[in-house]
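Engineer: This is start.cif, which holds mmCIF, C-alpha atoms:
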data_coords
loop_
_atom_site.label_atom_id
_atom_site.label_comp_id
_atom_site.auth_asym_id
_atom_site.auth_seq_id
_atom_site.Cartn_x
_atom_site.Cartn_y
_atom_site.Cartn_z
CA LEU A 1 -5.14 -27.64 34.03
CA VAL A 2 -6.17 -24.03 33.46
CA PRO A 3 -3.51 -21.53 34.63
CA THR A 4 -4.84 -19.03 37.15
CA LEU A 5 -4.11 -15.51 38.27
CA CYS A 6 -4.14 -14.91 42.02
CA LEU A 7 -5.40 -11.49 43.20
CA SER A 8 -5.43 -10.43 46.86
CA ILE A 9 -7.84 -7.61 47.71
CA SER A 10 -7.69 -5.82 51.08
CA LEU A 11 -11.12 -4.81 52.33
CA PRO A 12 -11.84 -2.05 54.88
CA THR A 13 -12.29 -4.71 57.60
CA ALA A 14 -8.69 -5.84 57.05
CA ALA A 15 -9.95 -9.12 55.67
CA VAL A 16 -8.16 -10.38 52.61
CA VAL A 17 -10.06 -12.01 49.80
CA THR A 18 -8.08 -14.05 47.34
CA LEU A 19 -9.51 -14.50 43.85
CA TYR A 20 -8.36 -17.13 41.42
CA LEU A 21 -9.10 -16.03 37.89
CA PRO A 22 -8.41 -18.25 34.89
CA LEU A 23 -5.92 -16.78 32.44
CA LEU A 24 -7.21 -16.79 28.89
CA THR A 25 -4.88 -17.67 26.09
CA ILE A 26 -5.72 -15.37 23.18
CA VAL A 27 -5.28 -17.20 19.93
CA PRO A 28 -4.51 -14.99 16.90
CA LEU A 29 -7.64 -14.57 14.87
CA SER A 30 -7.74 -15.26 11.18
CA ARG A 31 -8.18 -12.40 8.78
CA GLY A 32 -11.40 -13.82 7.33
CA TYR A 33 -14.34 -11.78 6.22
CA ALA A 34 -15.87 -10.45 9.45
CA SER A 35 -19.46 -10.48 8.26
CA ARG A 36 -19.30 -14.31 8.09
CA ASP A 37 -18.60 -14.55 11.78
CA ASN A 38 -20.16 -11.69 13.73
CA GLU A 39 -19.10 -13.01 17.10
CA SER A 40 -15.47 -13.33 15.99
CA SER A 41 -15.54 -9.84 14.48
CA TRP A 42 -16.90 -8.33 17.68
CA PHE A 43 -14.24 -10.05 19.78
CA ARG A 44 -11.46 -9.03 17.40
CA SER A 45 -12.55 -5.38 17.53
CA LEU A 46 -11.62 -5.25 21.23
CA PHE A 47 -7.95 -5.71 20.43
CA VAL A 48 -5.73 -3.27 18.56
CA HIS A 49 -2.71 -4.26 16.52
CA LYS A 50 0.50 -3.37 18.31
CA VAL A 51 3.45 -1.70 16.62
CA ASP A 52 7.02 -2.48 17.56
CA PRO A 53 8.73 0.38 19.42
CA ARG A 54 10.66 2.60 17.01
CA LYS A 55 13.22 5.32 17.56
CA ASP A 56 12.14 7.18 14.41
CA ALA A 57 9.72 10.12 14.54
CA HIS A 58 6.38 9.17 13.03
CA SER A 59 6.76 12.08 10.60
CA ASN A 60 9.80 10.32 9.11
CA LEU A 61 8.08 6.95 8.94
CA LEU A 62 4.77 8.05 7.43
CA SER A 63 5.48 11.05 5.16
CA LYS A 64 6.56 11.01 1.54
CA LYS A 65 10.31 10.76 1.08
CA GLU A 66 10.35 11.75 -2.58
CA THR A 67 8.95 15.21 -1.82
CA SER A 68 9.52 17.78 0.90
CA ASN A 69 6.06 19.29 0.68
CA LEU A 70 4.56 21.02 3.69
CA TYR A 71 0.84 21.81 3.78
CA LYS A 72 -1.09 24.46 5.66
CA ILE A 73 -4.79 24.11 6.33
CA GLN A 74 -6.70 27.14 7.55
CA PHE A 75 -10.21 27.36 8.99
CA HIS A 76 -11.99 30.72 8.97
CA ASN A 77 -15.27 31.15 10.84
CA VAL A 78 -16.95 34.03 9.04
CA LYS A 79 -19.64 36.37 10.29
CA PRO A 80 -22.83 35.04 8.65
CA GLU A 81 -23.71 38.39 7.06
CA CYS A 82 -20.17 38.65 5.58
CA LEU A 83 -19.77 35.28 3.88
CA ASP A 84 -20.55 36.50 0.35
CA ALA A 85 -18.24 39.49 0.74
CA TYR A 86 -15.53 37.22 2.18
CA ASN A 87 -15.77 34.85 -0.79
CA SER A 88 -15.65 37.72 -3.29
CA LEU A 89 -12.59 39.27 -1.65
CA THR A 90 -10.82 35.89 -1.46
CA GLU A 91 -11.55 35.09 -5.11
CA GLU A 92 -10.26 38.50 -6.16
CA VAL A 93 -6.99 38.65 -4.20
CA LEU A 94 -5.64 35.10 -3.79
CA PRO A 95 -5.16 34.38 -7.53
CA LYS A 96 -3.12 37.59 -7.83
CA LEU A 97 -0.82 36.55 -5.00
CA HIS A 98 -0.28 33.11 -6.47
CA SER A 99 0.44 34.44 -9.95
CA ASP A 100 3.87 35.49 -8.64
CA THR A 101 6.26 32.77 -9.84
CA ASP A 102 8.71 33.75 -7.10
CA TYR A 103 6.16 32.71 -4.48
CA PRO A 104 6.96 29.05 -3.51
CA CYS A 105 3.42 28.21 -2.49
CA ASP A 106 0.58 26.54 -4.41
CA LEU A 107 -3.11 26.88 -3.81
CA VAL A 108 -4.50 23.34 -3.38
CA GLY A 109 -8.13 23.97 -2.51
CA ASN A 110 -10.64 26.52 -1.19
CA TRP A 111 -14.08 25.65 0.12
CA ASN A 112 -17.11 26.74 2.08
CA THR A 113 -18.51 24.22 4.54
CA TRP A 114 -21.93 23.09 3.38
CA TYR A 115 -22.75 20.54 6.09
CA GLY A 116 -20.85 20.79 9.37
CA GLU A 117 -19.81 24.04 10.97
CA GLN A 118 -21.71 26.75 9.11
CA ASP A 119 -20.36 30.00 7.63
CA GLN A 120 -16.89 28.52 7.49
CA ALA A 121 -14.15 28.73 4.86
CA VAL A 122 -11.41 26.10 4.55
CA HIS A 123 -8.18 26.72 2.64
CA LEU A 124 -5.34 24.31 1.83
CA TRP A 125 -1.87 25.36 0.58
CA ARG A 126 1.24 23.42 -0.44
CA PHE A 127 4.75 24.75 0.26
CA SER A 128 7.20 23.05 -2.07
CA GLY A 129 10.43 22.86 -0.13
CA GLY A 130 9.10 22.44 3.40
CA TYR A 131 9.78 24.86 6.23
CA PRO A 132 12.32 27.01 4.31
CA ALA A 133 9.65 27.62 1.65
CA LEU A 134 7.12 28.53 4.35
CA SER A 135 9.53 31.04 5.91
CA ASP A 136 10.32 32.50 2.49
CA CYS A 137 6.63 32.99 1.75
CA MET A 138 5.90 34.60 5.09
CA ASN A 139 8.79 37.04 4.69
CA LYS A 140 7.65 38.04 1.20
CA LEU A 141 4.05 38.51 2.29
CA LYS A 142 5.13 40.89 5.03
CA GLN A 143 6.40 43.19 2.28
CA ASN A 144 3.34 42.81 0.05
CA LYS A 145 1.07 45.83 0.50
CA GLU A 146 -1.85 44.22 -1.33
CA TYR A 147 -1.71 41.19 0.96
CA LEU A 148 -1.51 43.34 4.09
CA GLU A 149 -4.54 45.33 2.96
CA PHE A 150 -6.33 42.05 2.15
CA ARG A 151 -5.69 40.71 5.65
CA LYS A 152 -6.86 43.96 7.22
CA GLU A 153 -10.13 43.95 5.25
CA ARG A 154 -10.65 40.21 5.78
CA SER A 155 -10.20 40.47 9.56
CA LYS A 156 -13.33 42.61 9.76
CA MET A 157 -15.36 39.66 8.45
CA LEU A 158 -14.05 36.94 10.76
CA LEU A 159 -15.22 35.56 14.09
CA SER A 160 -12.19 33.31 14.53
CA ARG A 161 -9.48 31.50 12.59
CA ARG A 162 -7.06 28.64 13.19
CA ASN A 163 -4.54 26.69 11.19
CA GLN A 164 -2.30 23.64 11.20
CA LEU A 165 0.88 22.62 9.40
CA LEU A 166 0.56 19.17 7.86
CA LEU A 167 2.58 16.44 6.19
CA GLU A 168 1.03 14.09 3.64
CA PHE A 169 0.86 10.33 4.18
CA SER A 170 3.17 8.45 1.83
CA PHE A 171 0.44 6.00 0.73
CA TRP A 172 -2.19 8.62 -0.19
CA ASN A 173 -2.68 10.30 -3.56
CA GLU A 174 -1.04 13.63 -4.21
CA PRO A 175 -3.86 16.25 -4.13
CA LEU A 176 -3.86 17.41 -7.75
CA PRO A 177 -6.29 19.79 -9.50
CA ARG A 178 -9.43 18.10 -10.78
CA ALA A 179 -12.39 19.16 -12.84
CA GLY A 180 -15.85 19.45 -11.30
CA PRO A 181 -18.47 19.63 -10.29
CA ASN A 182 -17.70 17.76 -7.07
CA ILE A 183 -18.49 18.00 -3.43
CA TYR A 184 -15.66 17.34 -0.97
CA GLU A 185 -15.68 15.63 2.37
CA LEU A 186 -13.03 16.50 4.94
CA ARG A 187 -12.98 13.81 7.62
CA THR A 188 -10.95 14.85 10.65
CA TYR A 189 -9.77 12.29 13.20
CA LYS A 190 -8.26 13.24 16.55
CA LEU A 191 -6.18 10.27 17.64
CA LYS A 192 -4.96 9.08 21.00
CA PRO A 193 -1.34 10.22 21.48
CA GLY A 194 1.14 7.57 20.42
CA THR A 195 -1.11 5.87 17.85
CA MET A 196 -0.18 7.68 14.63
CA ILE A 197 2.10 4.92 13.29
CA GLU A 198 -0.53 2.30 14.00
CA TRP A 199 -3.10 4.41 12.16
CA GLY A 200 -0.76 4.70 9.19
CA ASN A 201 -0.01 0.97 9.13
CA ASN A 202 -3.69 0.11 8.87
CA TRP A 203 -4.58 2.80 6.32
CA ALA A 204 -1.62 1.89 4.11
CA ARG A 205 -3.41 -1.42 3.55
CA ALA A 206 -6.95 -0.04 3.52
CA ILE A 207 -6.58 2.82 1.03
CA LYS A 208 -6.73 0.35 -1.89
CA TYR A 209 -10.39 -0.29 -1.03
CA ARG A 210 -11.23 3.40 -1.59
CA GLN A 211 -9.69 4.08 -5.02
CA GLU A 212 -12.33 2.61 -7.30
CA ASN A 213 -14.09 5.90 -8.08
CA GLN A 214 -11.00 8.10 -7.69
CA GLU A 215 -12.56 9.54 -4.56
CA ALA A 216 -9.35 9.65 -2.49
CA VAL A 217 -7.91 13.18 -2.85
CA GLY A 218 -5.34 13.45 -0.05
CA GLY A 219 -4.41 12.34 3.44
CA PHE A 220 -2.49 14.46 5.96
CA PHE A 221 -1.35 14.45 9.59
CA SER A 222 -0.60 17.46 11.76
CA GLN A 223 2.89 18.65 12.66
CA ILE A 224 2.19 22.05 14.24
CA GLY A 225 -1.07 23.19 15.79
CA GLU A 226 -3.29 20.57 17.39
CA LEU A 227 -1.29 17.34 17.30
CA TYR A 228 -2.30 13.76 16.52
CA VAL A 229 -4.87 15.04 14.05
CA VAL A 230 -5.49 13.30 10.72
CA HIS A 231 -7.36 14.82 7.76
CA HIS A 232 -8.70 12.65 4.91
CA LEU A 233 -10.01 14.55 1.88
CA TRP A 234 -12.48 12.82 -0.47
CA ALA A 235 -14.29 13.94 -3.64
CA TYR A 236 -17.75 12.80 -4.80
CA ARG A 237 -20.16 13.87 -7.53
CA ASP A 238 -22.91 14.43 -4.96
CA LEU A 239 -24.20 13.12 -1.63
CA GLN A 240 -25.89 10.12 -3.24
CA SER A 241 -22.62 9.15 -4.93
CA ARG A 242 -20.89 9.46 -1.57
CA GLU A 243 -23.41 7.12 0.01
CA GLU A 244 -23.06 4.52 -2.75
CA THR A 245 -19.27 4.66 -2.76
CA ARG A 246 -18.99 4.26 1.01
CA ASN A 247 -21.47 1.37 1.04
CA ALA A 248 -19.52 -0.36 -1.73
CA ALA A 249 -16.38 -0.30 0.43
CA TRP A 250 -18.13 -2.40 3.07
CA ARG A 251 -18.73 -5.13 0.49
CA LYS A 252 -14.99 -5.48 -0.12
CA ARG A 253 -13.26 -8.12 1.91
CA GLY A 254 -10.76 -6.46 4.24
CA TRP A 255 -12.31 -3.00 4.58
CA ASP A 256 -14.12 -4.01 7.76
CA GLU A 257 -10.84 -4.97 9.41
CA ASN A 258 -9.43 -1.49 8.87
CA VAL A 259 -12.45 -0.01 10.64
CA TYR A 260 -12.20 -2.47 13.53
CA TYR A 261 -8.51 -1.81 14.10
CA THR A 262 -8.59 1.98 13.75
CA VAL A 263 -11.75 2.90 15.67
CA PRO A 264 -10.08 2.22 19.07
CA LEU A 265 -7.34 4.72 18.14
CA VAL A 266 -9.77 7.67 17.75
CA ARG A 267 -10.72 10.12 20.49
CA ASN A 268 -13.25 11.95 18.30
CA MET A 269 -13.95 12.62 14.64
CA GLU A 270 -15.71 15.17 12.45
CA SER A 271 -17.05 15.23 8.91
CA ARG A 272 -17.45 18.36 6.77
CA ILE A 273 -19.14 18.42 3.39
CA MET A 274 -17.63 21.31 1.43
CA ILE A 275 -18.35 23.19 -1.79
CA PRO A 276 -15.32 24.58 -3.70
CA LEU A 277 -14.92 28.28 -4.36
CA LYS A 278 -14.53 29.44 -7.97
CA ILE A 279 -10.76 29.81 -7.59
CA SER A 280 -10.17 26.37 -6.07
CA PRO A 281 -7.94 24.07 -8.18
CA LEU A 282 -10.01 21.22 -6.75
CA GLN A 283 -13.42 21.67 -8.37
#
Could you write out this file's structure as structure tokens?
Structural biologist:
Amino acid sequence: LVPTLCLSISLPTAAVVTLYLPLLTIVPLSRGYASRDNESSWFRSLFVHKVDPRKDAHSNLLSKKETSNLYKIQFHNVKPECLDAYNSLTEEVLPKLHSDTDYPCDLVGNWNTWYGEQDQAVHLWRFSGGYPALSDCMNKLKQNKEYLEFRKERSKMLLSRRNQLLLEFSFWNEPLPRAGPNIYELRTYKLKPGTMIEWGNNWARAIKYRQENQEAVGGFFSQIGELYVVHHLWAYRDLQSREETRNAAWRKRGWDENVYYTVPLVRNMESRIMIPLKISPLQ
């Protein structure tokens, strides 16, 4: 006998229609290679792995325990006619600020967006020591006349700016300086609230499929600013190399499952292709 679900629906005429719907028993699907069974892969993609309820904050579960690094990412939308002047000013002043050994902040990367939102600069900093280091830096900068003049001059060139404070995923590479030339892709995912741990669980398994060409630079999730936002930073020699590397991942057994299980968690996503500035440690 097939178990049934009884539904009673009240219609405007006060008549009641009773529906008997068979209950389906969902059998756990095997973790086989999806391309061998397209129908099974399609069906499996409708269901998302569930995570047991936890009392821990996702920041404690997903971030690196061995470090207390805090990251700041900043997006500057520059007036088109001012982009060259903006880059020159940035390349002149920022290295001077970071040459101060009493300044607990490291420059991680500086880019202009090549494909994506145009006339945009993206900056990434690391604060070694977390929020106390951030507060220390901000207090010192308030007393730095060169920085205050830099901000005043820079503001004349901007249309808008925004930033986020980020933590790094424990299973991603530490974003360390690298030689160029490279292009960088910043993939930004805005997740459904409550799905960050599930995202991390899947990517902790999937990141191994994207290490072959050392393309994985860093992975971060937002703490302050727009929440439930994930940034993945990748490096490639050029756009053709990017295409080949991404296609190669699909030929690895298991990569498809990560895509199937994480796509339902995403509200929207964005890809930027970026070119590093001369002062960027990531070249």
Engineer: Would you mind reading off the distance between CA of Gly200 in chain A and CA of Asp256 in chain A, one decimal, in Å?
Structural biologist: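 Those two atoms sit 16.0 Å apart.
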Engineer: How far is it from CA of Leu134 in chain A to CA of Gly219 in chain A, in Å with one decimal?
Structural biologist: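 According to the coordinates, CA of Leu134 in chain A and CA of Gly219 in chain A are separated by 19.9 Å.
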Engineer: Taking the file as shown, what set of residues would the PyMOL selection byres ((chain A and resi 206-216) around 6) give back, as an mmCIF file with C-alpha atoms, in the frame of the given file?
Structural biologist:
data_model
loop_
_atom_site.group_PDB
_atom_site.id
_atom_site.type_symbol
_atom_site.label_atom_id
_atom_site.label_comp_id
_atom_site.auth_asym_id
_atom_site.auth_seq_id
_atom_site.Cartn_x
_atom_site.Cartn_y
_atom_site.Cartn_z
ATOM 1 C CA TRP A 203 -4.580 2.800 6.320
ATOM 2 C CA ALA A 204 -1.620 1.890 4.110
ATOM 3 C CA ARG A 205 -3.410 -1.420 3.550
ATOM 4 C CA VAL A 217 -7.910 13.180 -2.850
ATOM 5 C CA TRP A 234 -12.480 12.820 -0.470
ATOM 6 C CA ALA A 235 -14.290 13.940 -3.640
#
Engineer: Convert the output of the PyMOL selection byres ((chain A and resi 77) around 9) on the shown file into explicit residues, formatted as a list in words.
Structural biologist: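 The output of the PyMOL selection byres ((chain A and resi 77) around 9) on this file is Phe75, His76, Val78, Lys79, Pro80, Glu117, Gln118, Asp119, Gln120, Ala121, Val122, Met157, Leu158, Leu159, Ser160, Arg161 and Arg162 of chain A.
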Engineer: With all atoms listed in the file counted, which protein, DNA or RNA residues have an atom no more than 8 Å from (-9.7, 14.8, 10.9) in the file frame? Please answer as a list in words.
Structural biologist: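 Returned residue set, sorted by chain then number, is Leu186, Arg187, Thr188, Tyr189, Lys190, Val229, Val230, His231, His232, Met269, Glu270 and Ser271 of chain A.
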Engineer: Apply the PyMOL selection byres ((chain A and resi 97) around 12) to the file shown and report the selected residues as JSON, numbers by chain.
Structural biologist: {"A": [90, 91, 92, 93, 94, 95, 96, 98, 99, 100, 101, 102, 103, 104, 105, 106, 107, 137, 140, 141, 144, 145, 146, 147, 148, 150]}
Engineer: Within 12 Å of (-20.4, 11.9, -2.8) (file coordinates; all atoms listed in the file), which protein or nucleic acid residues are there? I'd like them as a compact mmCIF listing (two decimals) with C-alpha atoms, keeping the file's coordinate frame.
Structural biologist:
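Wrote it out as part_2.txt, contents follow:
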# COMPACT_ATOMS: atom_id res chain seq x y z
CA PRO A 181 -18.47 19.63 -10.29
CA ASN A 182 -17.70 17.76 -7.07
CA ILE A 183 -18.49 18.00 -3.43
CA TYR A 184 -15.66 17.34 -0.97
CA GLU A 185 -15.68 15.63 2.37
CA LEU A 186 -13.03 16.50 4.94
CA ASN A 213 -14.09 5.90 -8.08
CA GLN A 214 -11.00 8.10 -7.69
CA GLU A 215 -12.56 9.54 -4.56
CA ALA A 216 -9.35 9.65 -2.49
CA LEU A 233 -10.01 14.55 1.88
CA TRP A 234 -12.48 12.82 -0.47
CA ALA A 235 -14.29 13.94 -3.64
CA TYR A 236 -17.75 12.80 -4.80
CA ARG A 237 -20.16 13.87 -7.53
CA ASP A 238 -22.91 14.43 -4.96
CA LEU A 239 -24.20 13.12 -1.63
CA GLN A 240 -25.89 10.12 -3.24
CA SER A 241 -22.62 9.15 -4.93
CA ARG A 242 -20.89 9.46 -1.57
CA GLU A 243 -23.41 7.12 0.01
CA GLU A 244 -23.06 4.52 -2.75
CA THR A 245 -19.27 4.66 -2.76
CA ARG A 246 -18.99 4.26 1.01
CA ASN A 247 -21.47 1.37 1.04
CA ARG A 272 -17.45 18.36 6.77
CA ILE A 273 -19.14 18.42 3.39
CA MET A 274 -17.63 21.31 1.43
CA ILE A 275 -18.35 23.19 -1.79
Engineer: Calculate how many Å separate CA of Arg126 in chain A from CA of Ser155 in chain A, rounding to one decimal.
Structural biologist: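 The value is 22.8 Å.
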Engineer: Identify which of the residues A:Pro132, A:Pro177, A:Pro276, A:Pro281 lies closest to Asn87 in chain A, counting all atoms listed in the file when measuring atom-to-atom distances.
Structural biologist: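 Nearest to Asn87 in chain A: A:Pro276.
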Engineer: When you look at Leu166 in chain A with a cut-off of 10 Å (counting only C-alpha atoms), what residues show up, excluding the ones that are within fewer than 3 positions of it in the same chain? I need them as number ranges by chain.
Structural biologist: A: 59, 63, 69-73, 124-126, 163, 169, 219-225, 227, 229-231
Engineer: Go through A:Leu83, A:Val266, A:Val259, A:Ala133 and flag the residue nearest Trp111 in chain A, using all atoms listed in the file for the distances.
Structural biologist: A:Leu83
Engineer: For Gln164 in chain A, which residue among A:Ser88, A:Thr262, A:Ser280, A:Gln74 is the nearest when counting only C-alpha atoms?
Structural biologist: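 Once distances to Gln164 in chain A are computed over only C-alpha atoms, the minimum belongs to A:Gln74.
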Engineer: For a quick check of understanding, using all atoms listed in the file, which of A:Tyr86, A:Glu149, A:Lys192, A:Ser135 has the smallest distance to Asn112 in chain A?
Structural biologist: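 Nearest candidate to Asn112 in chain A out of A:Tyr86, A:Glu149, A:Lys192, A:Ser135: A:Tyr86.
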Engineer: Find, counting only C-alpha atoms, the residue in A:Arg178, A:Lys278, A:Arg251, A:Lys156 that gets nearest to Glu81 in chain A.
Structural biologist: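 Closest to Glu81 in chain A, using only C-alpha atoms: A:Lys156.
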Engineer: Could you please fill out range 169-186 of chain A with N, CA and C atoms and send it back as a compact mmCIF listing (two decimals), keeping the file's coordinate frame?
Structural biologist:
# COMPACT_ATOMS: atom_id res chain seq x y z
N PHE A 169 0.54 11.75 4.05
CA PHE A 169 0.86 10.33 4.18
C PHE A 169 1.47 9.81 2.88
N SER A 170 2.47 8.95 3.00
CA SER A 170 3.17 8.45 1.83
C SER A 170 2.29 7.58 0.93
N PHE A 171 1.26 6.96 1.48
CA PHE A 171 0.44 6.00 0.73
C PHE A 171 -0.81 6.64 0.14
N TRP A 172 -1.03 7.94 0.38
CA TRP A 172 -2.19 8.62 -0.19
C TRP A 172 -1.83 9.26 -1.53
N ASN A 173 -2.88 9.57 -2.31
CA ASN A 173 -2.68 10.30 -3.56
C ASN A 173 -2.15 11.70 -3.29
N GLU A 174 -1.40 12.22 -4.26
CA GLU A 174 -1.04 13.63 -4.21
C GLU A 174 -2.29 14.44 -4.58
N PRO A 175 -2.66 15.47 -3.80
CA PRO A 175 -3.86 16.25 -4.13
C PRO A 175 -3.63 17.14 -5.34
N LEU A 176 -4.05 16.68 -6.50
CA LEU A 176 -3.86 17.41 -7.75
C LEU A 176 -5.15 18.07 -8.19
N PRO A 177 -5.07 19.14 -8.99
CA PRO A 177 -6.29 19.79 -9.50
C PRO A 177 -7.18 18.80 -10.22
N ARG A 178 -8.49 18.97 -10.07
CA ARG A 178 -9.43 18.10 -10.78
C ARG A 178 -10.64 18.92 -11.19
N ALA A 179 -11.22 18.48 -12.30
CA ALA A 179 -12.39 19.16 -12.84
C ALA A 179 -13.62 18.81 -12.00
N GLY A 180 -14.62 19.66 -12.04
CA GLY A 180 -15.85 19.45 -11.30
C GLY A 180 -17.01 19.14 -12.21
N PRO A 181 -18.21 19.22 -11.68
CA PRO A 181 -18.47 19.63 -10.29
C PRO A 181 -18.35 18.46 -9.32
N ASN A 182 -17.81 18.74 -8.14
CA ASN A 182 -17.70 17.76 -7.07
C ASN A 182 -18.08 18.41 -5.75
N ILE A 183 -18.47 17.58 -4.82
CA ILE A 183 -18.49 18.00 -3.43
C ILE A 183 -17.30 17.32 -2.76
N TYR A 184 -16.83 17.89 -1.66
CA TYR A 184 -15.66 17.34 -0.97
C TYR A 184 -16.03 17.07 0.48
N GLU A 185 -15.51 15.96 0.96
CA GLU A 185 -15.68 15.63 2.37
C GLU A 185 -14.32 15.67 3.05
N LEU A 186 -14.22 16.46 4.11
CA LEU A 186 -13.03 16.50 4.94
C LEU A 186 -13.36 15.78 6.24
